[in-house]
file entry.pdb (PDB, C-alpha atoms and all ligand atoms)
ATOM      1  CA  MET A 109      19.811  -5.287  -2.141
ATOM      2  CA  GLY A 110      16.035  -5.514  -2.051
ATOM      3  CA  ARG A 111      13.575  -3.017  -3.506
ATOM      4  CA  LYS A 112      12.327  -0.250  -1.203
ATOM      5  CA  ILE A 113       8.779   0.803  -2.075
ATOM      6  CA  VAL A 114       6.813   3.453  -0.193
ATOM      7  CA  VAL A 115       3.023   3.352  -0.316
ATOM      8  CA  THR A 116       1.806   6.907  -0.005
ATOM      9  CA  SER A 117      -1.104   9.201  -0.869
ATOM     10  CA  GLY A 118      -2.091  12.829  -0.723
ATOM     11  CA  LYS A 119      -5.383  12.460   1.093
ATOM     12  CA  GLY A 120      -5.503  10.440   4.309
ATOM     13  CA  GLY A 121      -7.721   7.410   4.763
ATOM     14  CA  VAL A 122      -7.672   6.300   1.120
ATOM     15  CA  GLY A 123      -6.276   2.840   1.951
ATOM     16  CA  LYS A 124      -2.451   2.992   2.196
ATOM     17  CA  THR A 125      -2.262   0.639   5.173
ATOM     18  CA  THR A 126      -4.790  -1.728   3.606
ATOM     19  CA  VAL A 127      -2.797  -1.740   0.350
ATOM     20  CA  VAL A 128       0.487  -2.452   2.183
ATOM     21  CA  ALA A 129      -1.071  -5.374   4.100
ATOM     22  CA  ASN A 130      -2.785  -6.951   1.083
ATOM     23  CA  LEU A 131       0.033  -6.306  -1.375
ATOM     24  CA  GLY A 132       2.483  -7.729   1.163
ATOM     25  CA  ILE A 133       0.461 -10.950   1.324
ATOM     26  CA  ALA A 134       0.064 -11.110  -2.468
ATOM     27  CA  LEU A 135       3.795 -10.583  -3.040
ATOM     28  CA  ALA A 136       4.647 -13.226  -0.446
ATOM     29  CA  LEU A 137       2.232 -15.628  -2.171
ATOM     30  CA  SER A 138       4.277 -15.049  -5.348
ATOM     31  CA  GLY A 139       7.315 -16.358  -3.499
ATOM     32  CA  VAL A 140       9.376 -13.236  -2.768
ATOM     33  CA  THR A 141      10.478 -12.312   0.762
ATOM     34  CA  VAL A 142       8.689  -9.215   2.050
ATOM     35  CA  ALA A 143       9.146  -6.882   5.027
ATOM     36  CA  MET A 144       6.396  -4.361   5.741
ATOM     37  CA  VAL A 145       7.372  -1.318   7.801
ATOM     38  CA  ASP A 146       4.736   0.699   9.632
ATOM     39  CA  GLY A 147       5.944   4.254   9.071
ATOM     40  CA  ASP A 148       3.003   5.764  10.917
ATOM     41  CA  ILE A 149       4.974   6.450  14.105
ATOM     42  CA  GLY A 150       2.780   7.035  17.151
ATOM     43  CA  LEU A 151      -0.213   5.244  15.628
ATOM     44  CA  ASN A 152      -0.279   1.564  14.836
ATOM     45  CA  ASN A 153      -2.566   0.379  12.111
ATOM     46  CA  LEU A 154      -0.587  -2.082  10.020
ATOM     47  CA  ASP A 155      -0.319  -4.652  12.821
ATOM     48  CA  VAL A 156      -4.089  -4.399  13.293
ATOM     49  CA  ALA A 157      -4.705  -4.860   9.544
ATOM     50  CA  MET A 158      -2.415  -7.908   9.685
ATOM     51  CA  SER A 159      -4.151  -9.210  12.875
ATOM     52  CA  CYS A 160      -0.884  -9.518  14.775
ATOM     53  CA  GLU A 161      -1.229  -6.666  17.277
ATOM     54  CA  ASN A 162      -1.234  -9.124  20.186
ATOM     55  CA  ARG A 163       2.144 -10.538  19.228
ATOM     56  CA  ILE A 164       4.157  -7.297  19.408
ATOM     57  CA  ILE A 165       7.009  -7.325  21.901
ATOM     58  CA  TYR A 166       9.408  -4.821  20.346
ATOM     59  CA  ASP A 167       8.803  -2.121  17.755
ATOM     60  CA  ILE A 168      10.754   0.218  15.481
ATOM     61  CA  GLY A 169      11.303   2.616  18.415
ATOM     62  CA  ASP A 170      13.086  -0.139  20.363
ATOM     63  CA  VAL A 171      15.227  -0.907  17.297
ATOM     64  CA  VAL A 172      16.224   2.745  16.857
ATOM     65  CA  GLN A 173      16.990   3.099  20.580
ATOM     66  CA  LYS A 174      19.007  -0.130  20.407
ATOM     67  CA  LYS A 175      16.856  -1.831  23.034
ATOM     68  CA  CYS A 176      16.640  -4.844  20.738
ATOM     69  CA  ARG A 177      18.011  -6.149  17.444
ATOM     70  CA  LEU A 178      15.991  -5.635  14.255
ATOM     71  CA  LYS A 179      15.320  -9.371  13.963
ATOM     72  CA  GLN A 180      13.758  -9.430  17.437
ATOM     73  CA  ALA A 181      11.235  -6.751  16.482
ATOM     74  CA  LEU A 182      10.129  -8.401  13.243
ATOM     75  CA  ILE A 183       6.845 -10.278  13.434
ATOM     76  CA  ARG A 184       6.356 -13.206  11.114
ATOM     77  CA  ASP A 185       2.945 -13.369   9.428
ATOM     78  CA  ASN A 186       0.391 -15.758  10.932
ATOM     79  CA  HIS A 187       0.388 -17.890   7.763
ATOM     80  CA  LEU A 188       3.264 -16.982   5.445
ATOM     81  CA  ASP A 189       6.898 -17.734   6.349
ATOM     82  CA  ASN A 190       8.277 -15.154   3.915
ATOM     83  CA  LEU A 191       6.222 -12.177   5.149
ATOM     84  CA  PHE A 192       7.292 -10.004   8.105
ATOM     85  CA  LEU A 193       6.091  -6.828   9.787
ATOM     86  CA  LEU A 194       8.068  -4.197  11.663
ATOM     87  CA  PRO A 195       5.517  -2.481  13.934
ATOM     88  CA  SER A 196       5.338   1.234  14.563
ATOM     89  CA  ALA A 197       6.361   2.745  17.909
ATOM     90  CA  LYS A 198       3.070   3.166  19.707
ATOM     91  CA  TYR A 199       4.129   5.230  22.700
ATOM     92  CA  MET A 200       6.707   7.466  21.027
ATOM     93  CA  PRO A 201       6.142  10.975  19.721
ATOM     94  CA  GLN A 202       6.444  11.341  15.920
ATOM     95  CA  GLU A 203       9.672  13.359  16.055
ATOM     96  CA  SER A 204      11.599  10.823  18.159
ATOM     97  CA  ILE A 205      12.540   8.830  15.046
ATOM     98  CA  ASN A 206      14.410  10.972  12.551
ATOM     99  CA  PRO A 207      14.632  10.224   8.793
ATOM    100  CA  GLN A 208      18.257   9.023   9.099
ATOM    101  CA  ALA A 209      17.440   6.479  11.802
ATOM    102  CA  PHE A 210      14.338   5.332   9.919
ATOM    103  CA  GLY A 211      16.323   5.068   6.676
ATOM    104  CA  ALA A 212      19.014   2.997   8.372
ATOM    105  CA  VAL A 213      16.389   0.481   9.532
ATOM    106  CA  VAL A 214      14.842   0.308   6.040
ATOM    107  CA  ASN A 215      18.274  -0.231   4.477
ATOM    108  CA  GLU A 216      19.058  -3.004   6.925
ATOM    109  CA  LEU A 217      15.784  -4.703   5.963
ATOM    110  CA  ALA A 218      16.557  -4.290   2.248
ATOM    111  CA  ARG A 219      19.752  -6.274   2.779
ATOM    112  CA  GLU A 220      17.685  -9.243   4.005
ATOM    113  CA  PHE A 221      14.429  -9.050   2.025
ATOM    114  CA  ASP A 222      13.528  -8.933  -1.671
ATOM    115  CA  ILE A 223      10.959  -6.179  -1.109
ATOM    116  CA  VAL A 224      10.495  -3.652   1.706
ATOM    117  CA  LEU A 225       7.062  -2.014   1.736
ATOM    118  CA  ILE A 226       6.839   1.221   3.723
ATOM    119  CA  ASP A 227       3.427   2.330   4.971
ATOM    120  CA  CYS A 228       3.463   6.135   4.849
ATOM    121  CA  PRO A 229       1.410   8.157   7.366
ATOM    122  CA  ALA A 230      -1.271  10.646   6.311
ATOM    123  CA  GLY A 231      -0.213  14.162   5.388
ATOM    124  CA  ILE A 232       2.802  15.627   3.612
ATOM    125  CA  GLU A 233       4.843  16.816   6.573
ATOM    126  CA  GLN A 234       7.518  15.246   8.740
ATOM    127  CA  GLY A 235       6.135  11.693   8.709
ATOM    128  CA  PHE A 236       5.774  11.753   4.931
ATOM    129  CA  HIS A 237       9.376  12.920   4.525
ATOM    130  CA  ARG A 238      10.663  10.222   6.872
ATOM    131  CA  ALA A 239       8.766   7.438   5.082
ATOM    132  CA  VAL A 240       9.563   8.584   1.525
ATOM    133  CA  SER A 241      13.269   9.479   2.000
ATOM    134  CA  PRO A 242      14.685   5.935   2.029
ATOM    135  CA  ALA A 243      12.479   4.631  -0.817
ATOM    136  CA  GLN A 244      13.517   4.136  -4.437
ATOM    137  CA  GLU A 245      10.017   3.451  -5.706
ATOM    138  CA  ALA A 246       6.572   4.749  -4.790
ATOM    139  CA  LEU A 247       3.016   3.557  -5.131
ATOM    140  CA  VAL A 248       0.535   6.407  -4.817
ATOM    141  CA  VAL A 249      -2.889   5.345  -3.587
ATOM    142  CA  THR A 250      -6.036   7.283  -4.393
ATOM    143  CA  THR A 251      -9.732   6.624  -4.412
ATOM    144  CA  PRO A 252     -11.857   7.766  -7.392
ATOM    145  CA  HIS A 253     -13.098  10.790  -5.398
ATOM    146  CA  ILE A 254     -12.060  14.109  -6.883
ATOM    147  CA  SER A 255     -10.533  15.427  -3.634
ATOM    148  CA  ALA A 256      -8.325  12.313  -3.322
ATOM    149  CA  VAL A 257      -7.267  12.547  -6.980
ATOM    150  CA  ARG A 258      -6.367  16.213  -6.571
ATOM    151  CA  ASP A 259      -4.257  15.435  -3.489
ATOM    152  CA  ALA A 260      -2.589  12.517  -5.321
ATOM    153  CA  ASP A 261      -1.571  15.021  -7.995
ATOM    154  CA  LYS A 262       0.090  17.200  -5.341
ATOM    155  CA  VAL A 263       1.974  14.242  -3.930
ATOM    156  CA  LEU A 264       3.131  13.140  -7.377
ATOM    157  CA  GLY A 265       4.668  16.611  -7.750
ATOM    158  CA  LEU A 266       6.296  16.333  -4.333
ATOM    159  CA  LEU A 267       7.769  12.908  -5.125
ATOM    160  CA  THR A 268       9.790  14.429  -7.976
ATOM    161  CA  THR A 269      11.892  16.175  -5.321
ATOM    162  CA  TYR A 270      12.959  12.789  -3.893
ATOM    163  CA  ASN A 271      15.306  10.147  -5.186
ATOM    164  CA  ILE A 272      12.448   7.989  -6.504
ATOM    165  CA  SER A 273      13.049   6.221  -9.799
ATOM    166  CA  SER A 274       9.627   4.699 -10.406
ATOM    167  CA  VAL A 275       6.124   5.804  -9.446
ATOM    168  CA  GLY A 276       2.927   3.833  -9.955
ATOM    169  CA  LEU A 277      -0.730   4.447  -9.145
ATOM    170  CA  VAL A 278      -3.163   2.252  -7.239
ATOM    171  CA  VAL A 279      -6.822   3.247  -7.437
ATOM    172  CA  ASN A 280      -8.562   1.829  -4.392
ATOM    173  CA  ARG A 281     -12.249   1.446  -3.535
ATOM    174  CA  VAL A 282     -13.360   1.489  -7.170
ATOM    175  CA  ARG A 283     -17.136   1.224  -7.553
ATOM    176  CA  GLY A 284     -17.318  -0.735 -10.804
ATOM    177  CA  ASP A 285     -21.107  -0.361 -10.840
ATOM    178  CA  LEU A 286     -20.726   3.436 -11.024
ATOM    179  CA  SER A 287     -17.802   3.636 -13.452
ATOM    180  CA  ALA A 288     -19.523   1.140 -15.783
ATOM    181  CA  LYS A 289     -22.371   3.667 -16.037
ATOM    182  CA  ASP A 290     -19.893   6.552 -16.421
ATOM    183  CA  THR A 291     -21.105   8.131 -13.169
ATOM    184  CA  ALA A 292     -17.605   7.825 -11.690
ATOM    185  CA  MET A 293     -14.108   7.927 -13.190
ATOM    186  CA  ASN A 294     -12.541   4.558 -13.788
ATOM    187  CA  ALA A 295      -8.982   3.691 -12.757
ATOM    188  CA  SER A 296      -7.507   4.173 -16.262
ATOM    189  CA  ASP A 297      -9.106   7.637 -16.600
ATOM    190  CA  ILE A 298      -7.561   8.664 -13.279
ATOM    191  CA  ALA A 299      -4.101   7.379 -14.265
ATOM    192  CA  ARG A 300      -4.341   9.269 -17.578
ATOM    193  CA  LEU A 301      -5.391  12.427 -15.764
ATOM    194  CA  LEU A 302      -2.481  12.141 -13.333
ATOM    195  CA  ARG A 303      -0.034  11.050 -16.075
ATOM    196  CA  VAL A 304       1.213   8.112 -14.061
ATOM    197  CA  GLU A 305       1.395   4.400 -14.766
ATOM    198  CA  LEU A 306      -1.578   2.456 -13.414
ATOM    199  CA  LYS A 307      -0.347  -0.514 -11.383
ATOM    200  CA  GLY A 308      -3.559  -1.622  -9.729
ATOM    201  CA  ALA A 309      -7.298  -1.166  -9.335
ATOM    202  CA  ILE A 310      -8.907  -2.502  -6.178
ATOM    203  CA  PRO A 311     -12.697  -2.791  -5.910
ATOM    204  CA  GLU A 312     -14.768  -1.362  -3.076
ATOM    205  CA  ASP A 313     -15.349  -4.323  -0.799
ATOM    206  CA  ASP A 314     -17.228  -4.307   2.502
ATOM    207  CA  LYS A 315     -15.400  -7.412   3.680
ATOM    208  CA  ILE A 316     -11.980  -5.742   3.349
ATOM    209  CA  GLY A 317     -13.436  -2.689   5.082
ATOM    210  CA  PHE A 318     -14.198  -4.796   8.147
ATOM    211  CA  ALA A 319     -11.327  -7.259   8.334
ATOM    212  CA  GLY A 320      -8.407  -5.632   6.545
ATOM    213  CA  THR A 321      -7.070  -8.346   4.253
ATOM    214  CA  PHE A 322      -8.393 -10.728   1.633
ATOM    215  CA  ALA A 323      -6.665 -13.523   3.530
ATOM    216  CA  GLU A 324      -8.920 -12.918   6.550
ATOM    217  CA  THR A 325     -12.138 -12.321   4.647
ATOM    218  CA  GLY A 326     -11.718 -14.674   1.728
ATOM    219  CA  SER A 327     -12.812 -11.915  -0.660
ATOM    220  CA  GLU A 328     -12.213 -13.464  -4.067
ATOM    221  CA  ARG A 329     -12.257 -10.264  -6.097
ATOM    222  CA  CYS A 330      -9.792  -8.558  -3.740
ATOM    223  CA  TYR A 331      -7.592 -11.656  -3.890
ATOM    224  CA  THR A 332      -7.556 -11.410  -7.703
ATOM    225  CA  ALA A 333      -7.077  -7.621  -7.711
ATOM    226  CA  TYR A 334      -4.131  -7.790  -5.290
ATOM    227  CA  ARG A 335      -2.499 -10.747  -7.059
ATOM    228  CA  MET A 336      -2.674  -8.688 -10.273
ATOM    229  CA  LEU A 337      -1.174  -5.676  -8.482
ATOM    230  CA  ALA A 338       1.640  -7.909  -7.165
ATOM    231  CA  ASP A 339       2.309  -9.182 -10.701
ATOM    232  CA  CYS A 340       2.567  -5.579 -11.950
ATOM    233  CA  VAL A 341       4.948  -4.691  -9.111
ATOM    234  CA  LEU A 342       7.051  -7.754  -9.937
ATOM    235  CA  GLY A 343       7.051  -6.843 -13.649
ATOM    236  CA  LYS A 344       5.337 -10.120 -14.577
ATOM    237  CA  SER A 345       2.358  -8.394 -16.195
ATOM    238  CA  ASN A 346       0.855  -4.972 -16.779
ATOM    239  CA  ARG A 347      -2.789  -5.981 -16.469
ATOM    240  CA  VAL A 348      -4.925  -4.461 -13.747
ATOM    241  CA  TYR A 349      -8.139  -5.847 -12.284
ATOM    242  CA  ASP A 350     -11.245  -4.888 -14.255
ATOM    243  CA  CYS A 351     -13.606  -3.601 -11.556
ATOM    244  CA  GLU A 352     -16.371  -2.921 -14.096
ATOM    245  CA  ARG A 353     -16.563  -6.355 -15.639
ATOM    246  CA  PRO A 354     -19.288  -7.777 -13.338
ATOM    247  CA  TYR A 355     -21.497  -4.815 -14.238
ATOM    248  CA  GLN A 356     -21.080  -4.847 -18.013
ATOM    249  CA  SER A 357     -23.106  -6.633 -20.621
ATOM    250  CA  PHE A 358     -21.409  -8.865 -23.191
ATOM    251  CA  PHE A 359     -21.875  -6.204 -25.891
ATOM    252  CA  SER A 360     -20.440  -3.309 -23.899
ATOM    253  CA  ARG A 361     -17.393  -5.509 -23.108
ATOM    254  CA  LEU A 362     -16.995  -6.193 -26.810
ATOM    255  CA  LEU A 363     -17.192  -2.468 -27.633
ATOM    256  CA  LYS A 364     -14.676  -1.671 -24.896
ATOM    257  CA  LYS A 365     -12.246  -4.236 -26.312
ATOM    258  CA  ARG A 366     -12.526  -2.701 -29.777
ATOM    259  CA  GLY A 367     -12.281   0.879 -28.515
TER
HETATM  260  N1  LIG B   1     -11.125  -1.727  -1.098
HETATM  261  C1  LIG B   1     -11.727  -1.298   0.014
HETATM  262  N2  LIG B   1     -13.068  -1.430   0.167
HETATM  263  C2  LIG B   1     -13.696  -0.984   1.285
HETATM  264  N3  LIG B   1     -13.066  -0.408   2.323
HETATM  265  C3  LIG B   1     -11.726  -0.237   2.222
HETATM  266  C4  LIG B   1     -10.981  -0.677   1.074
HETATM  267  N4  LIG B   1      -9.675  -0.365   1.281
HETATM  268  C5  LIG B   1      -9.606   0.225   2.484
HETATM  269  N5  LIG B   1     -10.824   0.314   3.063
HETATM  270  C6  LIG B   1     -11.164   0.885   4.374
HETATM  271  O1  LIG B   1     -10.853   2.275   4.354
HETATM  272  C7  LIG B   1     -10.467   2.715   5.654
HETATM  273  C8  LIG B   1      -9.135   3.445   5.555
HETATM  274  O2  LIG B   1      -8.147   2.518   5.135
HETATM  275  P1  LIG B   1      -6.639   2.633   5.607
HETATM  276  O3  LIG B   1      -6.538   2.733   7.090
HETATM  277  O4  LIG B   1      -5.901   1.550   4.926
HETATM  278  O5  LIG B   1      -6.267   4.051   4.973
HETATM  279  P2  LIG B   1      -4.929   4.878   5.147
HETATM  280  O6  LIG B   1      -4.700   5.606   3.872
HETATM  281  O7  LIG B   1      -3.836   3.999   5.623
HETATM  282  O8  LIG B   1      -5.321   5.902   6.312
HETATM  283  P3  LIG B   1      -4.311   6.934   7.046
HETATM  284  O9  LIG B   1      -4.077   8.046   6.050
HETATM  285  O10 LIG B   1      -5.105   7.390   8.240
HETATM  286  O11 LIG B   1      -3.067   6.183   7.385
HETATM  287  C9  LIG B   1     -10.384   1.448   6.519
HETATM  288  O12 LIG B   1     -11.565   1.336   7.278
HETATM  289  C10 LIG B   1     -10.308   0.333   5.501
HETATM  290  O13 LIG B   1     -10.806  -0.875   5.999
HETATM  291 MG    MG B   2      -2.556   4.178   7.326
END
call {"tool": "encode", "arguments": {"input": "entry.pdb", "output": "structure tokens", "more": "lines below"}}
Ligand SMILES: Nc1ncnc2c1ncn2[C@@H]1O[C@H](COP(=O)(O)OP(=O)(O)OP(=O)(O)O)[C@@H](O)[C@H]1O
Ligand SMILES: [Mg+2]
result
Amino acid sequence: MGRKIVVTSGKGGVGKTTVVANLGIALALSGVTVAMVDGDIGLNNLDVAMSCENRIIYDIGDVVQKKCRLKQALIRDNHLDNLFLLPSAKYMPQESINPQAFGAVVNELAREFDIVLIDCPAGIEQGFHRAVSPAQEALVVTTPHISAVRDADKVLGLLTTYNISSVGLVVNRVRGDLSAKDTAMNASDIARLLRVELKGAIPEDDKIGFAGTFAETGSERCYTAYRMLADCVLGKSNRVYDCERPYQSFFSRLLKKRG
């Protein structure tokens, strides 16, 4: 049985869908088989981030309504043979897919794939419950902004009421130039504050902002940051990307190492 990991957050718009898309690619590049499920029913963002919106024939709604088999709805990535996407149901109201039906689809995927990544919708209501219920592991995404960190704290509390055995933190959109000058919290400070294991730090990157994935934009630092996140998820390493490094002098790096 494959691992079922939900990517969630407290505050909306912090980068869950972007993290699912890029982490999915990075994991697939490491050789594992990956299925990404768009849990944002009624809105479709993951297929857009993965640039495969024009190839959708069936979606999760069709699978649940038995209009097609699960395999028919899966979209293979444009470049990677071991990466697949199950698109969200665009024209269905939120409530038409209940947690049981959603969970059954996720479980079926976990029988075929090494890792199932679930993209959780914004908010902590019905859609959150549906996306989190079938997962065994969670990655909580936040940005360094105080409002996002506060909402991540709330969600971490909420996750304790689910059957989740492991929770990790991804700090997205880190401005290394600011945290190097101590004008913003760095990823480790945020993880310490939230008392959760830091799995990844992703730098602010205009290219990702426009095109969605490092594969499309060729952003080298996001490539490195996401490969490091994938290694942490796979238990190969516990090192996260150092977003501040390009902005630090040799001596401040030396002091940091010693401290
Ligand atoms: N590292 C980054 N650098 C710059 N922009 C980013 C980065 N990560 C994500 N973004 C941008 O932030 C915006 C929100 O990202 P995304 O849609 O992934 O968030 P979300 O948490 O899934 O939102 P929602 O809660 O609405 O589902 C997008 O425009 C995306 O391109
Ligand atoms: Mg999203």
call {"tool": "closest_atom_pairs", "arguments": {"input": "entry.pdb", "of": "range 112-206 of chain A", "to": "range 335-350 of chain A", "cutoff": "12 Å", "atoms": "only C-alpha atoms", "output": "CSV"}}
result
residue,atom,partner,partner_atom,distance
A:Lys112,CA,A:Val341,CA,11.7
A:Ile113,CA,A:Val341,CA,9.7
A:Val127,CA,A:Leu337,CA,9.8
A:Val128,CA,A:Ala338,CA,10.9
A:Ala129,CA,A:Ala338,CA,11.9
A:Asn130,CA,A:Arg335,CA,9.0
A:Leu131,CA,A:Ala338,CA,6.2
A:Gly132,CA,A:Ala338,CA,8.4
A:Ile133,CA,A:Arg335,CA,8.9
A:Ala134,CA,A:Arg335,CA,5.3
A:Leu135,CA,A:Ala338,CA,5.4
A:Ala136,CA,A:Ala338,CA,9.1
A:Leu137,CA,A:Arg335,CA,8.4
A:Ser138,CA,A:Ala338,CA,7.8
A:Gly139,CA,A:Leu342,CA,10.7
A:Val140,CA,A:Leu342,CA,9.3
A:Val142,CA,A:Ala338,CA,11.7
call {"tool": "atom_distance", "arguments": {"input": "entry.pdb", "atom1": "CA of Met200 in chain A", "atom2": "CA of Ala143 in chain A"}}
result
21.6 Å
call {"tool": "closest_atom_pairs", "arguments": {"input": "entry.pdb", "of": "range 217-238 of chain A", "to": "range 174-179 of chain A", "cutoff": "12 Å", "atoms": "all atoms listed in the file", "output": "JSON lines"}}
result
{"residue": "A:Leu217", "atom": "CA", "partner": "A:Leu178", "partner_atom": "CA", "distance": 8.3}
{"residue": "A:Glu220", "atom": "CA", "partner": "A:Lys179", "partner_atom": "CA", "distance": 10.2}
{"residue": "A:Phe221", "atom": "CA", "partner": "A:Lys179", "partner_atom": "CA", "distance": 12.0}
call {"tool": "axis_aligned_box", "arguments": {"input": "entry.pdb", "around": "ligand LIG 1 (chain B)", "padding_each_side": "5 Å", "output": "JSON"}}
result
{"center_x": -8.4, "center_y": 3.2, "center_z": 3.6, "size_x": 20.6, "size_y": 19.8, "size_z": 19.3}
call {"tool": "closest_atom_pairs", "arguments": {"input": "entry.pdb", "of": "chain A", "to": "ligand MG 2 (chain B)", "cutoff": "10 Å", "atoms": "only C-alpha atoms and all ligand atoms", "output": "Markdown table"}}
result
| residue | atom | partner | partner_atom | distance |
| --- | --- | --- | --- | --- |
| A:Val115 | CA | B:MG2 | MG | 9.5 |
| A:Thr116 | CA | B:MG2 | MG | 9.0 |
| A:Ser117 | CA | B:MG2 | MG | 9.7 |
| A:Gly120 | CA | B:MG2 | MG | 7.5 |
| A:Gly121 | CA | B:MG2 | MG | 6.6 |
| A:Val122 | CA | B:MG2 | MG | 8.3 |
| A:Gly123 | CA | B:MG2 | MG | 6.7 |
| A:Lys124 | CA | B:MG2 | MG | 5.3 |
| A:Thr125 | CA | B:MG2 | MG | 4.2 |
| A:Thr126 | CA | B:MG2 | MG | 7.3 |
| A:Val127 | CA | B:MG2 | MG | 9.2 |
| A:Val128 | CA | B:MG2 | MG | 8.9 |
| A:Asp146 | CA | B:MG2 | MG | 8.4 |
| A:Gly147 | CA | B:MG2 | MG | 8.7 |
| A:Asp148 | CA | B:MG2 | MG | 6.8 |
| A:Leu151 | CA | B:MG2 | MG | 8.7 |
| A:Asn152 | CA | B:MG2 | MG | 8.3 |
| A:Asn153 | CA | B:MG2 | MG | 6.1 |
| A:Leu154 | CA | B:MG2 | MG | 7.1 |
| A:Ala157 | CA | B:MG2 | MG | 9.6 |
| A:Asp227 | CA | B:MG2 | MG | 6.7 |
| A:Cys228 | CA | B:MG2 | MG | 6.8 |
| A:Pro229 | CA | B:MG2 | MG | 5.6 |
| A:Ala230 | CA | B:MG2 | MG | 6.7 |
call {"tool": "residues_around", "arguments": {"input": "entry.pdb", "residues": "range 286-294 of chain A", "least_positions_apart": "3", "cutoff": "6 Å", "atoms": "all atoms listed in the file", "output": "PyMOL selection string"}}
result
chain A and resi 283+297+352
call {"tool": "closest_residue", "arguments": {"input": "entry.pdb", "among": "A:Ile272, A:Ile223, A:Val282, A:Ala246", "to": "ligand LIG 1 (chain B)", "atoms": "only C-alpha atoms and all ligand atoms"}}
result
A:Val282
call {"tool": "closest_residue", "arguments": {"input": "entry.pdb", "among": "A:Gly276, A:Gly118, A:Pro354, A:Pro207", "to": "ligand LIG 1 (chain B)", "atoms": "only C-alpha atoms and all ligand atoms"}}
result
A:Gly118
call {"tool": "closest_residue", "arguments": {"input": "entry.pdb", "among": "A:Met109, A:Leu182, A:Ile310, A:Tyr199", "to": "Gly150 in chain A", "atoms": "only C-alpha atoms"}}
result
A:Tyr199
call {"tool": "atom_distance", "arguments": {"input": "entry.pdb", "atom1": "CA of Arg163 in chain A", "atom2": "CA of Phe192 in chain A"}}
result
12.3 Å
call {"tool": "build_atoms", "arguments": {"input": "entry.pdb", "residues": "range 329-341 of chain A", "atoms": "N, CA and C atoms", "output": "PDB file, in the frame of the given file"}}
result
ATOM      1  N   ARG A 329     -12.625 -11.320  -5.137  1.00  0.00           N
ATOM      2  CA  ARG A 329     -12.257 -10.264  -6.097  1.00  0.00           C
ATOM      3  C   ARG A 329     -11.057  -9.463  -5.584  1.00  0.00           C
ATOM      4  N   CYS A 330     -10.970  -9.275  -4.257  1.00  0.00           N
ATOM      5  CA  CYS A 330      -9.792  -8.558  -3.740  1.00  0.00           C
ATOM      6  C   CYS A 330      -8.548  -9.434  -3.860  1.00  0.00           C
ATOM      7  N   TYR A 331      -8.713 -10.727  -3.688  1.00  0.00           N
ATOM      8  CA  TYR A 331      -7.592 -11.656  -3.890  1.00  0.00           C
ATOM      9  C   TYR A 331      -7.061 -11.482  -5.316  1.00  0.00           C
ATOM     10  N   THR A 332      -7.969 -11.527  -6.295  1.00  0.00           N
ATOM     11  CA  THR A 332      -7.556 -11.410  -7.703  1.00  0.00           C
ATOM     12  C   THR A 332      -6.930 -10.040  -7.965  1.00  0.00           C
ATOM     13  N   ALA A 333      -7.581  -8.981  -7.454  1.00  0.00           N
ATOM     14  CA  ALA A 333      -7.077  -7.621  -7.711  1.00  0.00           C
ATOM     15  C   ALA A 333      -5.676  -7.439  -7.128  1.00  0.00           C
ATOM     16  N   TYR A 334      -5.455  -7.954  -5.925  1.00  0.00           N
ATOM     17  CA  TYR A 334      -4.131  -7.790  -5.290  1.00  0.00           C
ATOM     18  C   TYR A 334      -3.079  -8.703  -5.913  1.00  0.00           C
ATOM     19  N   ARG A 335      -3.485  -9.901  -6.364  1.00  0.00           N
ATOM     20  CA  ARG A 335      -2.499 -10.747  -7.059  1.00  0.00           C
ATOM     21  C   ARG A 335      -2.066 -10.070  -8.359  1.00  0.00           C
ATOM     22  N   MET A 336      -3.016  -9.395  -9.028  1.00  0.00           N
ATOM     23  CA  MET A 336      -2.674  -8.688 -10.273  1.00  0.00           C
ATOM     24  C   MET A 336      -1.767  -7.492  -9.976  1.00  0.00           C
ATOM     25  N   LEU A 337      -2.042  -6.794  -8.874  1.00  0.00           N
ATOM     26  CA  LEU A 337      -1.174  -5.676  -8.482  1.00  0.00           C
ATOM     27  C   LEU A 337       0.243  -6.200  -8.191  1.00  0.00           C
ATOM     28  N   ALA A 338       0.321  -7.326  -7.485  1.00  0.00           N
ATOM     29  CA  ALA A 338       1.640  -7.909  -7.165  1.00  0.00           C
ATOM     30  C   ALA A 338       2.381  -8.271  -8.454  1.00  0.00           C
ATOM     31  N   ASP A 339       1.672  -8.827  -9.424  1.00  0.00           N
ATOM     32  CA  ASP A 339       2.309  -9.182 -10.701  1.00  0.00           C
ATOM     33  C   ASP A 339       2.849  -7.940 -11.415  1.00  0.00           C
ATOM     34  N   CYS A 340       2.089  -6.838 -11.342  1.00  0.00           N
ATOM     35  CA  CYS A 340       2.567  -5.579 -11.950  1.00  0.00           C
ATOM     36  C   CYS A 340       3.817  -5.093 -11.224  1.00  0.00           C
ATOM     37  N   VAL A 341       3.788  -5.146  -9.895  1.00  0.00           N
ATOM     38  CA  VAL A 341       4.948  -4.691  -9.111  1.00  0.00           C
ATOM     39  C   VAL A 341       6.171  -5.559  -9.429  1.00  0.00           C
TER      40      VAL A 341
END
